[in-house]
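To be precise, the following lines are run_22.txt, and they hold compact mmCIF, C-alpha atoms.
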# COMPACT_ATOMS: atom_id res chain seq x y z
CA MET A 14 0.00 0.00 0.00
CA GLN A 15 2.87 2.36 0.82
CA LEU A 16 4.63 1.52 -2.45
CA GLY A 17 1.59 2.37 -4.57
CA ALA A 18 0.78 5.54 -2.64
CA LEU A 19 4.34 6.92 -2.53
CA ARG A 20 4.94 6.13 -6.19
CA THR A 21 1.85 8.19 -7.05
CA LEU A 22 2.80 11.11 -4.78
CA PHE A 23 6.42 11.26 -5.97
CA ALA A 24 5.32 11.20 -9.62
CA ALA A 25 2.68 13.87 -8.94
CA THR A 26 5.29 16.16 -7.36
CA PHE A 27 7.63 15.72 -10.32
CA LEU A 28 4.96 16.36 -12.96
CA LEU A 29 3.47 19.37 -11.18
CA ALA A 30 6.90 20.94 -10.80
CA PHE A 31 7.45 20.90 -14.56
CA GLY A 32 3.96 20.84 -16.07
CA PHE A 33 1.58 22.88 -13.91
CA LYS A 34 1.04 25.37 -16.77
CA HIS A 35 -0.48 22.62 -18.91
CA LEU A 36 -3.56 22.50 -16.66
CA LYS A 37 -4.83 25.75 -18.19
CA GLY A 38 -5.46 24.06 -21.52
CA ILE A 39 -7.75 21.34 -20.16
CA PRO A 40 -11.49 21.94 -20.90
CA LYS A 41 -13.84 21.46 -17.93
CA ASP A 42 -15.83 18.74 -19.67
CA LYS A 43 -12.68 16.58 -19.98
CA TRP A 44 -12.00 16.25 -16.26
CA LYS A 45 -14.44 13.34 -15.99
CA TRP A 46 -12.40 11.34 -18.48
CA LEU A 47 -9.12 12.49 -16.93
CA SER A 48 -10.30 11.19 -13.56
CA ILE A 49 -11.31 7.81 -14.97
CA SER A 50 -7.99 7.64 -16.87
CA ALA A 51 -6.10 8.50 -13.67
CA PHE A 52 -7.53 5.64 -11.65
CA LEU A 53 -7.45 3.02 -14.42
CA GLY A 54 -4.14 4.01 -16.00
CA THR A 55 -2.11 4.77 -12.87
CA PHE A 56 -3.64 4.42 -9.40
CA ILE A 57 -5.22 0.96 -9.42
CA PRO A 58 -2.42 -0.77 -11.42
CA ALA A 59 0.24 0.63 -9.06
CA PHE A 60 -1.31 -1.30 -6.17
CA LEU A 61 -2.15 -4.41 -8.19
CA PHE A 62 1.47 -4.79 -9.33
CA ALA A 63 2.77 -4.14 -5.81
CA PHE A 64 0.56 -6.86 -4.35
CA ALA A 65 1.28 -9.30 -7.20
CA GLU A 66 5.03 -9.10 -6.67
CA THR A 67 4.70 -10.12 -3.04
CA GLU A 68 3.90 -13.62 -4.31
CA ILE A 69 5.26 -14.06 -7.86
CA ASP A 70 8.54 -13.15 -9.57
CA SER A 71 8.95 -9.84 -11.38
CA ALA A 72 9.97 -11.62 -14.60
CA VAL A 73 6.63 -13.47 -14.69
CA VAL A 74 4.73 -10.28 -13.86
CA SER A 75 6.42 -8.44 -16.74
CA VAL A 76 5.57 -11.16 -19.25
CA LEU A 77 1.93 -11.17 -18.17
CA ASN A 78 1.98 -7.40 -18.54
CA SER A 79 2.76 -7.90 -22.23
CA THR A 80 -0.87 -9.05 -22.67
CA VAL A 81 -1.90 -5.37 -22.61
CA PRO A 82 -2.03 -5.04 -26.45
CA ILE A 83 -4.21 -8.16 -26.68
CA ILE A 84 -6.59 -6.90 -23.99
CA THR A 85 -6.62 -3.47 -25.66
CA LEU A 86 -7.64 -5.12 -28.92
CA LEU A 87 -10.45 -7.11 -27.25
CA LEU A 88 -11.77 -4.00 -25.51
CA GLY A 89 -11.60 -2.07 -28.76
CA VAL A 90 -13.74 -4.72 -30.47
CA PHE A 91 -16.32 -5.43 -27.76
CA VAL A 92 -16.55 -2.07 -25.97
CA PHE A 93 -15.40 0.62 -28.39
CA SER A 94 -16.77 -1.00 -31.59
CA ILE A 95 -13.41 -1.17 -33.39
CA GLY A 96 -13.10 -3.85 -36.09
CA PHE A 97 -10.51 -6.64 -36.11
CA THR A 98 -8.64 -8.75 -38.66
CA ARG A 99 -8.00 -12.49 -38.87
CA ASN A 100 -4.40 -11.98 -37.75
CA GLN A 101 -5.58 -10.12 -34.69
CA LEU A 102 -8.01 -12.89 -33.77
CA VAL A 103 -5.30 -15.56 -34.12
CA GLY A 104 -2.90 -13.38 -32.15
CA VAL A 105 -5.37 -13.03 -29.29
CA ILE A 106 -5.89 -16.78 -29.09
CA VAL A 107 -2.14 -17.52 -29.20
CA GLY A 108 -1.40 -14.85 -26.60
CA LEU A 109 -4.07 -16.06 -24.20
CA LEU A 110 -2.81 -19.63 -24.58
CA GLY A 111 0.70 -18.42 -23.77
CA SER A 112 -0.57 -16.64 -20.65
CA ILE A 113 -2.26 -19.80 -19.38
CA LEU A 114 0.89 -21.86 -20.03
CA LEU A 115 3.07 -19.26 -18.33
CA ILE A 116 0.97 -19.29 -15.16
CA TRP A 117 0.80 -23.11 -15.15
CA SER A 118 4.53 -23.61 -15.75
CA GLY A 119 5.41 -20.95 -13.20
CA ALA A 120 3.29 -22.61 -10.55
CA THR A 121 5.05 -25.92 -11.29
CA LEU A 122 8.55 -24.41 -11.21
CA ASN A 123 7.90 -22.30 -8.08
CA PRO A 124 5.43 -24.28 -5.92
CA GLY A 125 6.04 -21.90 -3.02
CA GLN A 126 4.58 -18.96 -4.95
CA ASN A 127 0.86 -18.22 -5.15
CA TYR A 128 0.11 -17.93 -8.85
CA TRP A 129 -3.47 -16.83 -8.20
CA TYR A 130 -1.79 -13.44 -7.82
CA SER A 131 -1.27 -13.53 -11.59
CA LEU A 132 -4.89 -12.46 -11.84
CA LEU A 133 -3.89 -9.12 -10.30
CA VAL A 134 -1.50 -8.53 -13.21
CA ILE A 135 -4.23 -9.43 -15.71
CA GLY A 136 -6.49 -6.98 -13.85
CA ALA A 137 -3.85 -4.25 -14.19
CA SER A 138 -3.51 -5.03 -17.90
CA LEU A 139 -7.29 -4.71 -18.23
CA CYS A 140 -7.12 -1.27 -16.59
CA TYR A 141 -4.38 -0.22 -19.01
CA GLY A 142 -6.40 -1.42 -21.97
CA VAL A 143 -9.45 0.64 -21.00
CA ASN A 144 -7.28 3.68 -20.27
CA VAL A 145 -5.58 3.61 -23.68
CA ASN A 146 -8.92 3.54 -25.47
CA ILE A 147 -10.20 6.42 -23.30
CA ILE A 148 -7.14 8.55 -24.13
CA LYS A 149 -7.56 7.86 -27.84
CA ARG A 150 -11.31 8.43 -27.87
CA HIS A 151 -11.87 11.27 -25.38
CA LEU A 152 -8.53 13.00 -24.65
CA GLN A 153 -7.03 13.28 -28.12
CA ASN A 154 -7.01 17.09 -28.12
CA ILE A 155 -5.22 17.53 -24.78
CA SER A 156 -1.42 17.61 -24.69
CA ALA A 157 0.36 14.48 -23.46
CA PHE A 158 1.86 16.47 -20.58
CA GLY A 159 -1.57 17.93 -19.76
CA ILE A 160 -3.12 14.46 -19.51
CA ALA A 161 -0.36 13.26 -17.19
CA VAL A 162 -0.51 16.32 -14.92
CA GLY A 163 -4.31 16.20 -14.87
CA ASN A 164 -4.23 12.52 -13.92
CA PHE A 165 -1.98 13.09 -10.94
CA ILE A 166 -3.82 16.18 -9.71
CA VAL A 167 -6.82 13.90 -9.30
CA LEU A 168 -4.78 11.23 -7.48
CA ILE A 169 -2.94 13.35 -4.89
CA ILE A 170 -5.65 13.23 -2.21
CA PRO A 171 -6.54 9.50 -2.64
CA ALA A 172 -2.84 8.55 -2.57
CA PHE A 173 -2.21 10.62 0.58
CA VAL A 174 -5.22 9.03 2.33
CA VAL A 175 -3.92 5.54 1.50
CA LEU A 176 -0.45 6.45 2.75
CA LEU A 177 -1.90 7.87 5.96
CA LEU A 178 -3.95 4.72 6.62
CA SER A 179 -0.97 2.46 5.85
CA GLY A 180 0.89 3.52 8.98
CA PHE A 181 3.80 5.00 7.03
CA PHE A 182 4.08 8.07 9.26
CA GLU A 183 4.12 5.97 12.42
CA GLN A 184 7.61 4.59 11.75
CA ASP A 185 10.96 6.29 12.21
CA ILE A 186 11.91 6.52 8.54
CA LEU A 187 15.26 8.27 8.95
CA ALA A 188 16.48 5.67 11.44
CA ASN A 189 15.75 2.74 9.12
CA GLU A 190 18.47 2.37 6.49
CA GLU A 191 16.53 -0.22 4.48
CA VAL A 192 13.50 2.08 4.24
CA MET A 193 15.67 4.98 3.09
CA THR A 194 17.27 2.80 0.41
CA SER A 195 13.84 1.66 -0.75
CA LEU A 196 12.64 5.26 -0.93
CA GLY A 197 15.58 6.12 -3.17
CA TYR A 198 14.68 3.39 -5.65
CA LEU A 199 11.02 4.32 -5.37
CA LEU A 200 11.85 7.89 -6.31
CA ILE A 201 13.62 6.64 -9.47
CA LEU A 202 10.63 4.43 -10.28
CA ALA A 203 8.18 7.30 -9.79
CA VAL A 204 10.09 9.89 -11.83
CA VAL A 205 11.36 7.70 -14.69
CA GLY A 206 8.98 4.72 -14.76
CA THR A 207 5.81 6.71 -14.02
CA GLY A 208 6.25 10.44 -14.61
CA VAL A 209 8.41 10.58 -17.75
CA ALA A 210 7.05 7.29 -19.13
CA LYS A 211 3.45 8.46 -18.69
CA VAL A 212 4.01 11.61 -20.77
CA LEU A 213 5.80 9.70 -23.55
CA PHE A 214 3.17 6.97 -23.59
CA ASN A 215 0.26 9.47 -23.77
CA LYS A 216 1.93 11.10 -26.77
CA LEU A 217 2.43 7.73 -28.44
CA VAL A 218 -1.26 6.87 -28.00
CA GLN A 219 -2.27 10.18 -29.57
CA ILE A 220 -0.10 9.80 -32.68
CA SER A 221 -0.79 6.10 -33.28
CA THR A 222 -3.41 3.42 -32.61
CA PRO A 223 -4.15 2.08 -29.09
CA VAL A 224 -2.92 -1.43 -29.96
CA PHE A 225 0.30 -0.14 -31.54
CA ALA A 226 0.99 2.14 -28.56
CA THR A 227 0.60 -0.67 -26.04
CA SER A 228 3.03 -2.77 -28.07
CA VAL A 229 5.86 -1.10 -26.14
CA THR A 230 5.20 -3.90 -23.65
CA TYR A 231 7.09 -6.19 -26.07
CA LEU A 232 10.34 -4.95 -24.54
CA ILE A 233 9.28 -5.09 -20.88
CA PRO A 234 9.68 -8.89 -20.49
CA ILE A 235 13.16 -8.79 -22.03
CA VAL A 236 14.39 -6.10 -19.66
CA ALA A 237 12.62 -7.48 -16.59
CA LEU A 238 13.78 -11.05 -17.29
CA PHE A 239 17.37 -9.83 -17.40
CA TRP A 240 17.07 -8.06 -14.04
CA GLY A 241 15.08 -10.92 -12.54
CA LEU A 242 17.79 -13.46 -13.36
CA LEU A 243 20.43 -11.13 -11.88
CA ASP A 244 18.27 -10.94 -8.76
CA GLY A 245 18.21 -14.73 -8.41
CA GLU A 246 14.72 -15.40 -9.77
CA GLN A 247 14.04 -18.79 -11.39
CA PHE A 248 12.81 -18.82 -14.98
CA GLY A 249 12.70 -22.22 -16.68
CA ILE A 250 12.65 -23.37 -20.30
CA SER A 251 8.89 -23.95 -20.20
CA GLN A 252 8.33 -20.38 -19.01
CA ILE A 253 10.57 -19.02 -21.77
CA GLY A 254 8.48 -20.99 -24.28
CA ALA A 255 5.23 -19.63 -22.83
CA ALA A 256 6.61 -16.09 -22.78
CA SER A 257 7.67 -16.43 -26.41
CA LEU A 258 4.16 -17.61 -27.26
CA ILE A 259 2.65 -14.49 -25.66
CA ILE A 260 5.00 -12.16 -27.51
CA PHE A 261 4.33 -14.02 -30.79
CA GLY A 262 0.60 -13.63 -30.18
CA VAL A 263 0.99 -9.90 -29.62
CA TYR A 264 3.08 -9.70 -32.81
CA LEU A 265 0.33 -11.42 -34.80
CA ALA A 266 -2.32 -9.14 -33.30
CA ASN A 267 -0.38 -6.08 -34.50
CA ARG A 268 0.82 -7.46 -37.84
CA LYS A 269 -0.82 -5.85 -40.81
CA GLN A 270 -2.72 -8.27 -43.00
CA LYS A 271 -1.49 -8.43 -46.59
CA LYS A 272 -3.89 -7.12 -49.15
CA THR A 273 -4.79 -9.52 -51.94
CA ALA A 274 -4.67 -8.26 -55.53
CA LYS A 275 -8.00 -7.78 -57.23

Written as structure tokens, how would this file's structure read?
Amino acid sequence: MQLGALRTLFAATFLLAFGFKHLKGIPKDKWKWLSISAFLGTFIPAFLFAFAETEIDSAVVSVLNSTVPIITLLLGVFVFSIGFTRNQLVGVIVGLLGSILLIWSGATLNPGQNYWYSLLVIGASLCYGVNVNIIKRHLQNISAFGIAVGNFIVLIIPAFVVLLLSGFFEQDILANEEVMTSLGYLLILAVVGTGVAKVLFNKLVQISTPVFATSVTYLIPIVALFWGLLDGEQFGISQIGAASLIIFGVYLANRKQKKTAK
């Protein structure tokens, strides 16, 4: 709870320091969508990922996070009435199969971990998928920086309430070296992985399609797997195969279908 709340507050401080002026360009009728985007695209996932990684390895979490483009595609079809191609349908099926195999193989390789927590990652991916479609549909005319700053303005009070209820202020932070070290890494995560990344991602959504924008998650498993192995996490051959299946499914879902000559 403290991780999710502090990550939000640190990122909010960073964005407000550099982007407060962007709030002036936000129409009043867009704040409803900015608020929904804030909770689905930032607040709720921050806690879901934090809870998930108390039980399952970060490498597995990152691979499951690569299902975001597939979920975005499904939401676009069934909720936002966006059409789909045969490649996209096949990609969705392959990706979902890979996700099931990844969870099953991970539970076999690490019997001490609770792989029901994988559902939290899928839930976070679902939130991201809805958020991307909202940005594309309702926030297209607001600057990427404006969307990010608007999101975190909305989240400051909820994040502070969560932090207050978590008991964070009841501990002697300065006297605990481990807590201070964690806060340092959390600051990096909030500024780079949330603040800067949020602005860049919002811009990418605006200049491309939702499914293409979420395809940046292709690279997340590669980076996270590397760090996970350095951190002593176990990742077997079967999991690598399942992860490859997910990424292949996402590739198919984004691959343009060749046009046949008339």

If I take atom CA of Lys211 of chain A and atom CA of Ile160 of chain A, how far is one from the other in Å, to one decimal?
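Distance reported for this atom pair: 8.9 Å.
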
Could you tell me how far atom CA of Ala237 of chain A sits from atom CA of Gly17 of chain A, in Å to one decimal place?
19.1 Å

Around the point (9.7, 3.1, -7.3) in the file's coordinates, collect all residues with an atom within 12 Å, using all atoms listed in the file, and return them as a ChimeraX atom specification.
/A:15-24,59-60,62-63,194-208

I'd like the interatomic distance between atom CA of Phe27 of chain A and atom CA of Pro82 of chain A, to a tenth of an Å.
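Interatomic distance here is 28.0 Å.
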
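Nearest residue to Ile57 of chain A, choosing from A:Ile260, A:Ala157, A:Val209, A:Ala172 and counting only C-alpha atoms: A:Ala172.
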
Among the residues A:Ala255, A:Val212, A:Ala188, A:Ala137, the one that comes closest to Pro58 of chain A [using all atoms listed in the file]:
A:Ala137

Find the residues near Gly159 of chain A: any atom within 9 Å, counting all atoms listed in the file, skip ones fewer than 4 places away on the same chain, and give them as a ChimeraX atom specification.
/A:32-39,155,163-164,212

Shortest interatomic distance to Leu132 of chain A - which of A:Leu29, A:Leu77, A:Glu191, A:Ala256, counting all atoms listed in the file:
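Among the listed residues, A:Leu77 lies closest to Leu132 of chain A.
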
Emit as AutoDock Vina command-line options the padded axis-aligned box for all listed atoms of segment 82-86 of chain A, 3 Å per side, with centre and edge lengths in Å to one decimal.
--center_x -4.8 --center_y -5.8 --center_z -26.5 --size_x 11.6 --size_y 10.7 --size_z 10.9
